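Data from upload_16.cif: mmCIF, C-alpha atoms
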```cif
data_query
#
loop_
_atom_site.group_PDB
_atom_site.id
_atom_site.type_symbol
_atom_site.label_atom_id
_atom_site.label_comp_id
_atom_site.auth_asym_id
_atom_site.auth_seq_id
_atom_site.Cartn_x
_atom_site.Cartn_y
_atom_site.Cartn_z
ATOM 1 C CA MET V 1 -19.521 42.626 14.103
ATOM 2 C CA THR V 2 -16.424 41.047 15.606
ATOM 3 C CA ALA V 3 -14.927 38.445 13.289
ATOM 4 C CA THR V 4 -13.454 35.284 14.769
ATOM 5 C CA ILE V 5 -10.212 34.371 13.007
ATOM 6 C CA VAL V 6 -8.479 31.074 13.770
ATOM 7 C CA PHE V 7 -4.937 30.200 12.649
ATOM 8 C CA LEU V 8 -4.651 26.421 12.852
ATOM 9 C CA ASP V 9 -0.927 25.861 12.233
ATOM 10 C CA LYS V 10 0.866 29.067 13.175
ATOM 11 C CA ALA V 11 4.086 27.198 14.055
ATOM 12 C CA THR V 12 4.670 26.510 10.360
ATOM 13 C CA ILE V 13 5.745 30.165 10.136
ATOM 14 C CA PRO V 14 8.924 31.063 12.094
ATOM 15 C CA PRO V 15 8.227 33.232 15.159
ATOM 16 C CA HIS V 16 10.386 36.158 14.013
ATOM 17 C CA ILE V 17 8.054 36.845 11.076
ATOM 18 C CA GLN V 18 5.683 39.693 11.919
ATOM 19 C CA PHE V 19 2.007 39.886 10.918
ATOM 20 C CA ASN V 20 0.424 43.263 10.171
ATOM 21 C CA THR V 21 -2.648 44.417 12.079
ATOM 22 C CA LEU V 22 -5.998 43.521 10.577
ATOM 23 C CA GLU V 23 -8.278 46.443 9.762
ATOM 24 C CA VAL V 24 -11.455 44.651 10.853
ATOM 25 C CA GLU V 25 -12.584 44.276 14.447
ATOM 26 C CA HIS V 26 -11.725 40.723 15.317
ATOM 27 C CA GLU V 27 -10.857 38.031 17.832
ATOM 28 C CA TRP V 28 -7.647 36.233 16.860
ATOM 29 C CA LYS V 29 -6.998 32.678 17.978
ATOM 30 C CA GLU V 30 -3.902 30.766 17.021
ATOM 31 C CA TYR V 31 -2.580 27.261 17.558
ATOM 32 C CA ASP V 32 0.889 25.963 16.821
ATOM 33 C CA LEU V 33 -0.477 22.786 15.213
ATOM 34 C CA THR V 34 -3.908 21.239 14.815
ATOM 35 C CA THR V 35 -4.882 17.633 14.215
ATOM 36 C CA SER V 36 -7.890 16.678 12.115
ATOM 37 C CA GLU V 37 -9.742 15.699 15.285
ATOM 38 C CA GLN V 38 -9.251 19.182 16.781
ATOM 39 C CA ILE V 39 -10.473 21.274 13.837
ATOM 40 C CA ILE V 40 -14.198 21.294 14.626
ATOM 41 C CA SER V 41 -13.847 22.229 18.305
ATOM 42 C CA ARG V 42 -11.363 24.998 17.517
ATOM 43 C CA CYS V 43 -13.236 26.431 14.545
ATOM 44 C CA LYS V 44 -16.936 26.006 15.337
ATOM 45 C CA GLU V 45 -17.332 29.794 15.687
ATOM 46 C CA ALA V 46 -14.733 30.807 13.112
ATOM 47 C CA ASP V 47 -15.566 33.282 10.371
ATOM 48 C CA VAL V 48 -12.075 32.961 8.918
ATOM 49 C CA ILE V 49 -9.704 30.006 9.145
ATOM 50 C CA ILE V 50 -6.018 30.438 8.319
ATOM 51 C CA VAL V 51 -4.166 27.286 7.309
ATOM 52 C CA ASN V 52 -0.870 26.328 5.797
ATOM 53 C CA LYS V 53 -1.023 22.544 5.492
ATOM 54 C CA VAL V 54 -4.009 21.528 7.637
ATOM 55 C CA VAL V 55 -6.524 19.603 5.504
ATOM 56 C CA LEU V 56 -10.057 21.007 5.307
ATOM 57 C CA ASP V 57 -12.148 18.381 3.537
ATOM 58 C CA ALA V 58 -15.845 18.457 2.616
ATOM 59 C CA GLU V 59 -16.925 16.619 5.777
ATOM 60 C CA THR V 60 -15.075 19.078 7.997
ATOM 61 C CA ILE V 61 -16.281 22.156 6.129
ATOM 62 C CA ALA V 62 -19.892 20.948 6.434
ATOM 63 C CA GLN V 63 -19.573 21.096 10.230
ATOM 64 C CA LEU V 64 -18.442 24.737 10.294
ATOM 65 C CA PRO V 65 -21.632 26.747 9.695
ATOM 66 C CA GLN V 66 -20.130 30.202 10.344
ATOM 67 C CA LEU V 67 -17.146 29.748 8.053
ATOM 68 C CA LYS V 68 -16.931 32.427 5.355
ATOM 69 C CA HIS V 69 -13.281 32.531 4.307
ATOM 70 C CA ILE V 70 -10.366 30.091 4.240
ATOM 71 C CA ALA V 71 -7.091 31.996 3.988
ATOM 72 C CA VAL V 72 -4.328 29.646 2.850
ATOM 73 C CA ILE V 73 -0.871 30.913 3.768
ATOM 74 C CA ALA V 74 0.738 29.011 0.905
ATOM 75 C CA THR V 75 0.622 28.975 -2.866
ATOM 76 C CA GLY V 76 -0.762 25.442 -3.122
ATOM 77 C CA TYR V 77 -4.293 24.802 -1.870
ATOM 78 C CA ASN V 78 -4.761 21.102 -2.617
ATOM 79 C CA ASN V 79 -5.445 20.625 1.131
ATOM 80 C CA ILE V 80 -8.774 22.451 0.702
ATOM 81 C CA ASP V 81 -11.913 20.882 -0.803
ATOM 82 C CA ILE V 82 -12.583 23.608 -3.356
ATOM 83 C CA GLU V 83 -15.865 22.118 -4.592
ATOM 84 C CA ALA V 84 -17.272 22.079 -1.067
ATOM 85 C CA CYS V 85 -16.293 25.736 -0.685
ATOM 86 C CA LYS V 86 -17.938 26.651 -3.983
ATOM 87 C CA ALA V 87 -21.154 24.929 -2.907
ATOM 88 C CA ARG V 88 -21.218 26.891 0.347
ATOM 89 C CA GLY V 89 -20.041 30.203 -1.092
ATOM 90 C CA ILE V 90 -16.941 30.132 1.098
ATOM 91 C CA ALA V 91 -14.098 32.291 -0.199
ATOM 92 C CA VAL V 92 -10.650 30.724 -0.526
ATOM 93 C CA THR V 93 -7.501 32.789 -0.948
ATOM 94 C CA ASN V 94 -3.835 31.871 -1.270
ATOM 95 C CA THR V 95 -0.470 33.629 -1.351
ATOM 96 C CA PRO V 96 0.921 33.161 -4.861
ATOM 97 C CA GLY V 97 4.359 34.309 -5.901
ATOM 98 C CA TYR V 98 5.636 35.124 -2.409
ATOM 99 C CA SER V 99 8.711 32.924 -2.903
ATOM 100 C CA VAL V 100 9.570 34.222 -6.353
ATOM 101 C CA THR V 101 13.127 34.971 -5.200
ATOM 102 C CA SER V 102 13.724 32.202 -2.675
ATOM 103 C CA VAL V 103 12.630 29.131 -4.666
ATOM 104 C CA PRO V 104 14.545 30.028 -7.860
ATOM 105 C CA GLU V 105 17.691 30.722 -5.830
ATOM 106 C CA HIS V 106 17.352 27.349 -4.092
ATOM 107 C CA THR V 107 16.789 25.708 -7.467
ATOM 108 C CA LEU V 108 19.978 27.216 -8.883
ATOM 109 C CA ALA V 109 21.870 26.249 -5.720
ATOM 110 C CA LEU V 110 20.879 22.606 -6.247
ATOM 111 C CA ILE V 111 21.883 22.784 -9.912
ATOM 112 C CA PHE V 112 25.287 24.282 -9.092
ATOM 113 C CA ALA V 113 25.940 21.814 -6.288
ATOM 114 C CA LEU V 114 25.174 18.809 -8.483
ATOM 115 C CA ARG V 115 26.826 20.036 -11.671
ATOM 116 C CA ARG V 116 30.021 20.946 -9.792
ATOM 117 C CA HIS V 117 29.947 17.721 -7.696
ATOM 118 C CA LEU V 118 30.141 19.647 -4.427
ATOM 119 C CA VAL V 119 28.829 16.788 -2.272
ATOM 120 C CA ALA V 120 31.260 14.321 -3.850
ATOM 121 C CA TYR V 121 34.180 16.678 -3.278
ATOM 122 C CA GLN V 122 33.133 17.364 0.310
ATOM 123 C CA ASN V 123 32.982 13.607 0.924
ATOM 124 C CA SER V 124 36.392 13.213 -0.701
ATOM 125 C CA MET V 125 37.822 15.809 1.676
ATOM 126 C CA LYS V 126 36.337 13.978 4.665
ATOM 127 C CA GLN V 127 38.057 10.808 3.466
ATOM 128 C CA GLY V 128 41.433 12.565 3.270
ATOM 129 C CA ASN V 129 41.862 12.104 -0.485
ATOM 130 C CA TRP V 130 43.230 15.576 -1.196
ATOM 131 C CA GLN V 131 45.424 15.493 1.882
ATOM 132 C CA ASN V 132 47.071 12.343 0.557
ATOM 133 C CA SER V 133 47.089 13.253 -3.132
ATOM 134 C CA PRO V 134 50.396 13.293 -5.042
ATOM 135 C CA TYR V 135 48.990 16.205 -7.068
ATOM 136 C CA PHE V 136 48.052 19.772 -6.218
ATOM 137 C CA HIS V 137 44.382 18.942 -6.869
ATOM 138 C CA GLY V 138 41.821 16.360 -5.839
ATOM 139 C CA TYR V 139 40.092 15.905 -9.190
ATOM 140 C CA LEU V 140 37.449 13.172 -9.156
ATOM 141 C CA THR V 141 35.280 13.245 -12.232
ATOM 142 C CA GLN V 142 34.275 15.045 -15.418
ATOM 143 C CA THR V 143 32.721 18.458 -14.777
ATOM 144 C CA LEU V 144 30.498 20.256 -17.279
ATOM 145 C CA ASP V 145 29.864 24.001 -17.265
ATOM 146 C CA LEU V 146 26.348 25.357 -17.046
ATOM 147 C CA LYS V 147 26.981 28.005 -19.675
ATOM 148 C CA ASN V 148 25.263 26.924 -22.912
ATOM 149 C CA ALA V 149 23.599 23.961 -21.193
ATOM 150 C CA GLN V 150 19.863 23.574 -21.802
ATOM 151 C CA LEU V 151 17.566 24.103 -18.854
ATOM 152 C CA GLY V 152 14.127 22.625 -19.465
ATOM 153 C CA ILE V 153 11.506 24.146 -17.179
ATOM 154 C CA ILE V 154 8.192 22.392 -16.600
ATOM 155 C CA GLY V 155 5.800 25.035 -15.289
ATOM 156 C CA GLY V 156 5.686 28.501 -16.815
ATOM 157 C CA GLY V 157 4.288 30.442 -13.865
ATOM 158 C CA SER V 158 6.046 33.053 -11.739
ATOM 159 C CA LEU V 159 8.527 30.589 -10.189
ATOM 160 C CA GLY V 160 9.405 29.008 -13.524
ATOM 161 C CA GLN V 161 9.864 32.410 -15.126
ATOM 162 C CA ALA V 162 12.033 33.684 -12.259
ATOM 163 C CA THR V 163 14.172 30.542 -12.443
ATOM 164 C CA ALA V 164 14.568 31.137 -16.181
ATOM 165 C CA THR V 165 15.800 34.682 -15.529
ATOM 166 C CA LEU V 166 18.518 33.459 -13.152
ATOM 167 C CA ALA V 167 19.529 30.645 -15.492
ATOM 168 C CA LYS V 168 19.821 32.962 -18.471
ATOM 169 C CA ALA V 169 22.042 35.270 -16.420
ATOM 170 C CA ILE V 170 24.648 32.498 -16.162
ATOM 171 C CA GLY V 171 24.403 31.672 -19.845
ATOM 172 C CA MET V 172 22.039 28.704 -19.838
ATOM 173 C CA ASN V 173 19.697 28.137 -22.761
ATOM 174 C CA VAL V 174 16.186 28.007 -21.330
ATOM 175 C CA VAL V 175 13.160 26.255 -22.821
ATOM 176 C CA PHE V 176 9.714 25.649 -21.347
ATOM 177 C CA SER V 177 7.548 22.569 -21.670
ATOM 178 C CA GLU V 178 4.125 22.267 -23.196
ATOM 179 C CA ARG V 179 1.657 20.148 -21.255
ATOM 180 C CA LYS V 180 2.391 16.456 -21.436
ATOM 181 C CA GLY V 181 0.682 14.995 -24.487
ATOM 182 C CA GLU V 182 0.543 18.272 -26.450
ATOM 183 C CA VAL V 183 2.816 17.955 -29.468
ATOM 184 C CA ASN V 184 1.980 20.996 -31.588
ATOM 185 C CA THR V 185 3.442 23.974 -29.778
ATOM 186 C CA GLN V 186 2.693 27.488 -30.973
ATOM 187 C CA LYS V 187 4.434 29.385 -28.173
ATOM 188 C CA SER V 188 7.919 30.794 -28.615
ATOM 189 C CA GLY V 189 10.442 29.217 -26.270
ATOM 190 C CA TYR V 190 8.301 26.139 -25.642
ATOM 191 C CA LEU V 191 8.970 22.549 -26.632
ATOM 192 C CA PRO V 192 6.717 19.491 -26.538
ATOM 193 C CA PHE V 193 7.124 17.687 -23.212
ATOM 194 C CA GLU V 194 8.749 14.615 -24.757
ATOM 195 C CA GLU V 195 11.245 16.683 -26.717
ATOM 196 C CA LEU V 196 12.154 18.754 -23.673
ATOM 197 C CA ILE V 197 12.963 15.797 -21.440
ATOM 198 C CA GLN V 198 15.026 14.179 -24.189
ATOM 199 C CA SER V 199 17.082 17.264 -25.056
ATOM 200 C CA SER V 200 17.581 19.071 -21.723
ATOM 201 C CA ASP V 201 20.754 18.945 -19.658
ATOM 202 C CA VAL V 202 18.843 20.037 -16.558
ATOM 203 C CA ILE V 203 15.098 19.636 -15.982
ATOM 204 C CA SER V 204 13.454 21.733 -13.273
ATOM 205 C CA LEU V 205 9.880 21.261 -12.054
ATOM 206 C CA HIS V 206 7.763 24.297 -11.151
ATOM 207 C CA CYS V 207 4.228 23.109 -11.902
ATOM 208 C CA PRO V 208 1.362 22.412 -9.477
ATOM 209 C CA LEU V 209 0.398 18.924 -8.359
ATOM 210 C CA THR V 210 -2.902 17.967 -9.983
ATOM 211 C CA PRO V 211 -4.407 14.657 -11.123
ATOM 212 C CA SER V 212 -2.881 15.292 -14.565
ATOM 213 C CA THR V 213 0.624 15.956 -13.183
ATOM 214 C CA GLN V 214 0.728 13.129 -10.624
ATOM 215 C CA ASN V 215 3.788 10.989 -11.482
ATOM 216 C CA LEU V 216 4.573 13.328 -14.361
ATOM 217 C CA ILE V 217 8.119 11.976 -14.277
ATOM 218 C CA ALA V 218 8.348 8.188 -13.986
ATOM 219 C CA LEU V 219 10.539 5.418 -15.343
ATOM 220 C CA ASP V 220 9.500 5.932 -18.978
ATOM 221 C CA GLU V 221 10.557 9.577 -18.758
ATOM 222 C CA PHE V 222 13.845 8.762 -17.028
ATOM 223 C CA LYS V 223 14.700 6.335 -19.822
ATOM 224 C CA LYS V 224 14.292 9.126 -22.365
ATOM 225 C CA MET V 225 16.529 11.627 -20.551
ATOM 226 C CA LYS V 226 20.193 12.171 -21.248
ATOM 227 C CA ALA V 227 22.472 10.051 -19.082
ATOM 228 C CA SER V 228 24.165 13.334 -18.124
ATOM 229 C CA ALA V 229 20.898 15.071 -17.172
ATOM 230 C CA LEU V 230 19.930 16.448 -13.764
ATOM 231 C CA LEU V 231 16.372 16.513 -12.383
ATOM 232 C CA ILE V 232 15.440 19.265 -9.917
ATOM 233 C CA ASN V 233 12.178 19.289 -7.981
ATOM 234 C CA THR V 234 11.363 22.244 -5.736
ATOM 235 C CA ALA V 235 7.629 22.041 -6.525
ATOM 236 C CA ARG V 236 5.681 19.037 -5.206
ATOM 237 C CA GLY V 237 6.834 15.509 -4.373
ATOM 238 C CA GLY V 238 4.025 13.738 -6.199
ATOM 239 C CA LEU V 239 5.220 15.055 -9.542
ATOM 240 C CA VAL V 240 7.915 12.364 -9.578
ATOM 241 C CA ASN V 241 7.549 8.657 -8.931
ATOM 242 C CA GLU V 242 10.025 8.358 -6.074
ATOM 243 C CA GLN V 243 10.741 4.658 -6.469
ATOM 244 C CA ASP V 244 11.441 5.214 -10.168
ATOM 245 C CA LEU V 245 13.880 7.993 -9.235
ATOM 246 C CA VAL V 246 15.772 5.498 -7.077
ATOM 247 C CA THR V 247 15.982 3.167 -10.069
ATOM 248 C CA ALA V 248 17.052 5.986 -12.380
ATOM 249 C CA LEU V 249 19.939 7.038 -10.132
ATOM 250 C CA LYS V 250 21.133 3.572 -9.219
ATOM 251 C CA ASP V 251 20.976 2.410 -12.851
ATOM 252 C CA LYS V 252 22.634 5.665 -13.991
ATOM 253 C CA LEU V 253 19.793 6.615 -16.295
ATOM 254 C CA ILE V 254 20.449 10.223 -15.217
ATOM 255 C CA ALA V 255 23.456 11.913 -13.637
ATOM 256 C CA GLY V 256 21.845 13.333 -10.521
ATOM 257 C CA ALA V 257 18.838 14.832 -8.790
ATOM 258 C CA GLY V 258 18.093 17.600 -6.301
ATOM 259 C CA PHE V 259 14.812 17.521 -4.372
ATOM 260 C CA ASP V 260 13.256 19.829 -1.777
ATOM 261 C CA VAL V 261 9.966 17.929 -1.539
ATOM 262 C CA ALA V 262 8.519 14.475 -0.881
ATOM 263 C CA THR V 263 5.207 12.843 -1.729
ATOM 264 C CA VAL V 264 4.209 12.708 1.957
ATOM 265 C CA GLU V 265 5.492 15.477 4.242
ATOM 266 C CA PRO V 266 7.103 15.423 6.668
ATOM 267 C CA ILE V 267 8.982 12.662 4.916
ATOM 268 C CA GLN V 268 8.204 9.166 6.199
ATOM 269 C CA GLU V 269 10.821 6.663 7.335
ATOM 270 C CA ASP V 270 9.888 4.292 4.510
ATOM 271 C CA ASN V 271 10.219 6.927 1.783
ATOM 272 C CA PRO V 272 12.526 5.581 -0.957
ATOM 273 C CA LEU V 273 14.290 8.949 -1.249
ATOM 274 C CA LEU V 274 15.992 8.324 2.090
ATOM 275 C CA ALA V 275 17.787 5.344 0.561
ATOM 276 C CA LEU V 276 19.573 7.787 -1.763
ATOM 277 C CA LEU V 277 21.112 10.037 0.867
ATOM 278 C CA ASP V 278 24.500 8.338 0.711
ATOM 279 C CA LEU V 279 24.782 8.990 -3.018
ATOM 280 C CA PRO V 280 27.005 11.953 -3.923
ATOM 281 C CA ASN V 281 24.749 12.848 -6.870
ATOM 282 C CA PHE V 282 21.533 13.232 -4.866
ATOM 283 C CA ILE V 283 20.636 16.167 -2.626
ATOM 284 C CA LEU V 284 17.493 16.257 -0.487
ATOM 285 C CA THR V 285 16.510 19.339 1.499
ATOM 286 C CA PRO V 286 13.478 19.386 3.863
ATOM 287 C CA HIS V 287 10.979 21.565 1.929
ATOM 288 C CA VAL V 288 12.749 24.824 2.730
ATOM 289 C CA ALA V 289 13.262 26.383 -0.718
ATOM 290 C CA TRP V 290 10.506 28.904 0.052
ATOM 291 C CA SER V 291 11.796 29.926 3.467
ATOM 292 C CA SER V 292 14.006 32.991 3.071
ATOM 293 C CA ASP V 293 13.061 35.831 5.421
ATOM 294 C CA SER V 294 11.996 38.092 2.560
ATOM 295 C CA SER V 295 9.683 35.420 1.181
ATOM 296 C CA LEU V 296 8.176 34.603 4.565
ATOM 297 C CA GLN V 297 7.500 38.268 5.335
ATOM 298 C CA CYS V 298 5.964 38.760 1.900
ATOM 299 C CA GLN V 299 3.730 35.767 2.548
ATOM 300 C CA ALA V 300 2.601 37.096 5.940
ATOM 301 C CA ASN V 301 1.828 40.503 4.428
ATOM 302 C CA MET V 302 -0.175 38.915 1.613
ATOM 303 C CA LEU V 303 -2.196 36.858 4.082
ATOM 304 C CA ILE V 304 -3.325 39.908 6.046
ATOM 305 C CA ASP V 305 -4.035 41.817 2.816
ATOM 306 C CA ASN V 306 -6.191 38.939 1.608
ATOM 307 C CA ILE V 307 -8.278 38.956 4.787
ATOM 308 C CA ASN V 308 -8.618 42.750 4.778
ATOM 309 C CA HIS V 309 -9.799 42.705 1.180
ATOM 310 C CA PHE V 310 -12.284 39.938 1.921
ATOM 311 C CA PHE V 311 -14.004 42.030 4.595
ATOM 312 C CA LYS V 312 -14.114 44.963 2.159
ATOM 313 C CA ASP V 313 -15.880 42.723 -0.401
ATOM 314 C CA SER V 314 -12.829 43.176 -2.637
ATOM 315 C CA GLU V 315 -11.250 40.136 -4.258
ATOM 316 C CA LEU V 316 -7.519 39.624 -3.822
ATOM 317 C CA HIS V 317 -5.788 36.337 -4.610
ATOM 318 C CA ARG V 318 -9.159 34.603 -4.660
ATOM 319 C CA VAL V 319 -9.112 30.948 -5.685
ATOM 320 C CA VAL V 320 -12.873 30.688 -5.142
#
```
Before anything else, please render the file you have as C-alpha cells.
Amino acid sequence: MTATIVFLDKATIPPHIQFNTLEVEHEWKEYDLTTSEQIISRCKEADVIIVNKVVLDAETIAQLPQLKHIAVIATGYNNIDIEACKARGIAVTNTPGYSVTSVPEHTLALIFALRRHLVAYQNSMKQGNWQNSPYFHGYLTQTLDLKNAQLGIIGGGSLGQATATLAKAIGMNVVFSERKGEVNTQKSGYLPFEELIQSSDVISLHCPLTPSTQNLIALDEFKKMKASALLINTARGGLVNEQDLVTALKDKLIAGAGFDVATVEPIQEDNPLLALLDLPNFILTPHVAWSSDSSLQCQANMLIDNINHFFKDSELHRVV
C-alpha cells in the first residue's frame, strides 16, 4: 500500500530545516498554506495529514473518509477536534518538548530585558540623553537584580521545568503554581495560585490553553500582583485578558510584561497589545520563542518518527 501524506502548511517551517525520509512507501504532497475551503479538495485521498496551525474541525474530518492519522507538528493541538477523531478512530500525534531549550531561553531573555530596562535605555540613547548627560552614566530608574527574586511559574511541564532550571542558575527562587482554585497544596515547591501571583516578582506562563485556563490572568489577578512584578507569556495568548493587560500597564498595577503570543495569530490590527508597543516596559515578539534551529530540527525529526511509528502500529506521542 502506498500511503498518501499531505502537509497543509509546510511554509510554517523554515525551508532550511530538513525532514528525514519516511520508512513507509508513500506519496508526499505539500502546500505552503491551506485555507479552510481548500482542505477537502487537497486531502480527500489523504491517509495522513500534517498540520501546524490549520484547523481540522468535526465537519471537515467527516468529509475525509480515508484519513487515519493527523500528525500535528506543534505541541498544542487545540486546532484539532479530538472528539471527532476519537469517534472515527483517527490517531492524533503531536511534537511535545521540542522547544525545551528555545522557549525557556526566550523567556529568560524577556525577563532580563524588562528587569534591566533595556528597551528604555535603548530609547534613551536614541534620544541623545547619554550623549548630553553631565555625568558619566545615563541612569534612568531603579533597577532590581534577579538574584533572590521569586519566579512564579504557572505550568509544571517540560517547558516550565526547563525555565525553572535556567532561573535557578542565576539565583532566582522558583515556585510553581497549583491549579487555580486549589488551595491545599501537597507538592513541594508549589504554592496556591492566589498566593503565587501575590508573592512573585516575576510570573511566567507555561500552561496549555484550555477552557479552564482561558483568561487565567485578568484584572482581578493584576490587582493582586506586586506593583514591581513582571508578567511573561510565551505560552498561549488566550491565557491573559489582553485588554486587562493594557489597563494593568497603563495604571501601573504591574511593572512590565513580555509576550510572544496573542489571542488571535497572526496578530490583528485591532489587538489591544499593539497599543502598548510604545511603552518601554512592554515587549512583544511575534510567536518566535520556539524557533531556534535546534528546536525546529528536533520538531521535524519527531514528526517523521511519529508517522513511522504509526505505520508500525507503535504509539509515539499519541494524543488519541
* With a distance cut-off of 7 Å and all atoms listed in the file, select the neighbouring residues of Asn233 of chain V, excluding the residue or stretch itself and same-chain residues fewer than 3 positions from it, and output the selection as a list in words. => Ser204, Leu205, Gly258, Phe259, Asp260 and Val261 of chain V
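Residues in contact range of Leu114 of chain V, defined as at most 9 Å between all atoms listed in the file, with sequence neighbours fewer than 4 positions away removed, read Ala109, Leu110, Leu118, Val119, Ala120, Leu230, Ala255, Gly256, Ala257, Gly258, Pro280, Asn281, Phe282 and Ile283 of chain V.
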* Asked: Could you write out as a ChimeraX atom specification the residues that the PyMOL selection byres ((chain V and resi 44) around 9) matches in the shown file?
  -> /V:39-43,45-47,63-67
* **Contacts of segment 125-142 of chain V within 10 Å, only C-alpha atoms, excl. fewer than 6 positions in-chain, as a list in words** =>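 Neighbouring residues, sequence-local ones excluded: Arg115, Arg116, His117 and Val119 of chain V.
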* To do: Could you please determine the separation between atom CA of Thr263 of chain V and atom CA of Thr34 of chain V in Å, to one decimal place?
  =>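 Rounded to one decimal, the two atoms are 20.7 Å apart.
Close to (-5.2, 31.3, 16.2), meaning no more than 10 Å away when counting all atoms listed in the file, sit the residues Thr4, Ile5, Val6, Phe7, Leu8, Asp9, Lys10, Glu27, Trp28, Lys29, Glu30, Tyr31, Asp32, Leu33, Arg42, Cys43, Ile49, Ile50 and Val51 of chain V.
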* Evaluate the PyMOL selection byres ((chain V and resi 152) around 8) here and jot the selected residues down as a ChimeraX atom specification. => /V:150-151,153-154,174-177,196-197,200-204
Keeping only C-alpha atoms, write those residues as a compact mmCIF listing (two decimals), in the frame of the given file.
```
# COMPACT_ATOMS: atom_id res chain seq x y z
CA GLN V 150 19.86 23.57 -21.80
CA LEU V 151 17.57 24.10 -18.85
CA ILE V 153 11.51 24.15 -17.18
CA ILE V 154 8.19 22.39 -16.60
CA VAL V 174 16.19 28.01 -21.33
CA VAL V 175 13.16 26.26 -22.82
CA PHE V 176 9.71 25.65 -21.35
CA SER V 177 7.55 22.57 -21.67
CA LEU V 196 12.15 18.75 -23.67
CA ILE V 197 12.96 15.80 -21.44
CA SER V 200 17.58 19.07 -21.72
CA ASP V 201 20.75 18.94 -19.66
CA VAL V 202 18.84 20.04 -16.56
CA ILE V 203 15.10 19.64 -15.98
CA SER V 204 13.45 21.73 -13.27
```
* Asked: Can you list what the PyMOL selection byres ((chain V and resi 254) around 6) grabs from this structure, as a PyMOL selection string?
  -> chain V and resi 227-229+252-253+255-256
* Record the distance separating atom CA of Ala248 of chain V and atom CA of Lys223 of chain V, expressed in Å with one decimal. => 7.8 Å
* Name all residues at most 9 Å from Val103 of chain V (count all atoms listed in the file; drop same-chain ones fewer than 6 positions away) and give them as a VMD selection string. => chain V and resid 159 162 to 163 234 to 235 288 to 292
* To do: Considering all atoms listed in the file, state which residue in the set V:Gly181, V:Pro96, V:Gly89, V:Pro266 is at the smallest distance from Tyr77 of chain V.
  =>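 When distances to Tyr77 of chain V are compared using all atoms listed in the file, the smallest one comes from V:Pro96.
Reported to one decimal place, the separation of atom CA of Gln186 of chain V from atom CA of Asn173 of chain V is 18.9 Å.
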* Asked: Taking only C-alpha atoms into account, which of V:Ser99, V:Gly76, V:Ser199, V:Asn52 comes nearest Lys226 of chain V?
  -> V:Ser199
Determine the axis-aligned bounding box of all atoms of segment 14-21 of chain V present in the file, pad each side by 3 Å, and express its centre and edge lengths in Å to one decimal place as JSON.
```
{"center_x": 3.9, "center_y": 37.7, "center_z": 12.7, "size_x": 19.0, "size_y": 19.4, "size_z": 11.0}
```
Please report, as a tab-separated table, each residue of segment 35-56 of chain V lying at most 9 Å from segment 78-88 of chain V, together with the nearest pair of atoms and the separation in Å rounded to one decimal; use all atoms listed in the file, and order rows by chain and ascending residue number.
```
residue	atom	partner	partner_atom	distance
V:Asn52	CA	V:Asn79	CA	8.7
V:Lys53	CA	V:Asn79	CA	6.5
V:Val54	CA	V:Asn79	CA	6.7
V:Val55	CA	V:Asn79	CA	4.6
V:Leu56	CA	V:Ile80	CA	5.0
```
Those residues you just picked out, can you put them in a file as a JSON list (two decimals), in the coordinates of the input with C-alpha atoms?
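As written to disk, result_2.json reads:
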```
[["chain", "number", "residue", "atom", "x", "y", "z"],
["V", 52, "ASN", "CA", -0.87, 26.33, 5.80],
["V", 53, "LYS", "CA", -1.02, 22.54, 5.49],
["V", 54, "VAL", "CA", -4.01, 21.53, 7.64],
["V", 55, "VAL", "CA", -6.52, 19.60, 5.50],
["V", 56, "LEU", "CA", -10.06, 21.01, 5.31]]
```
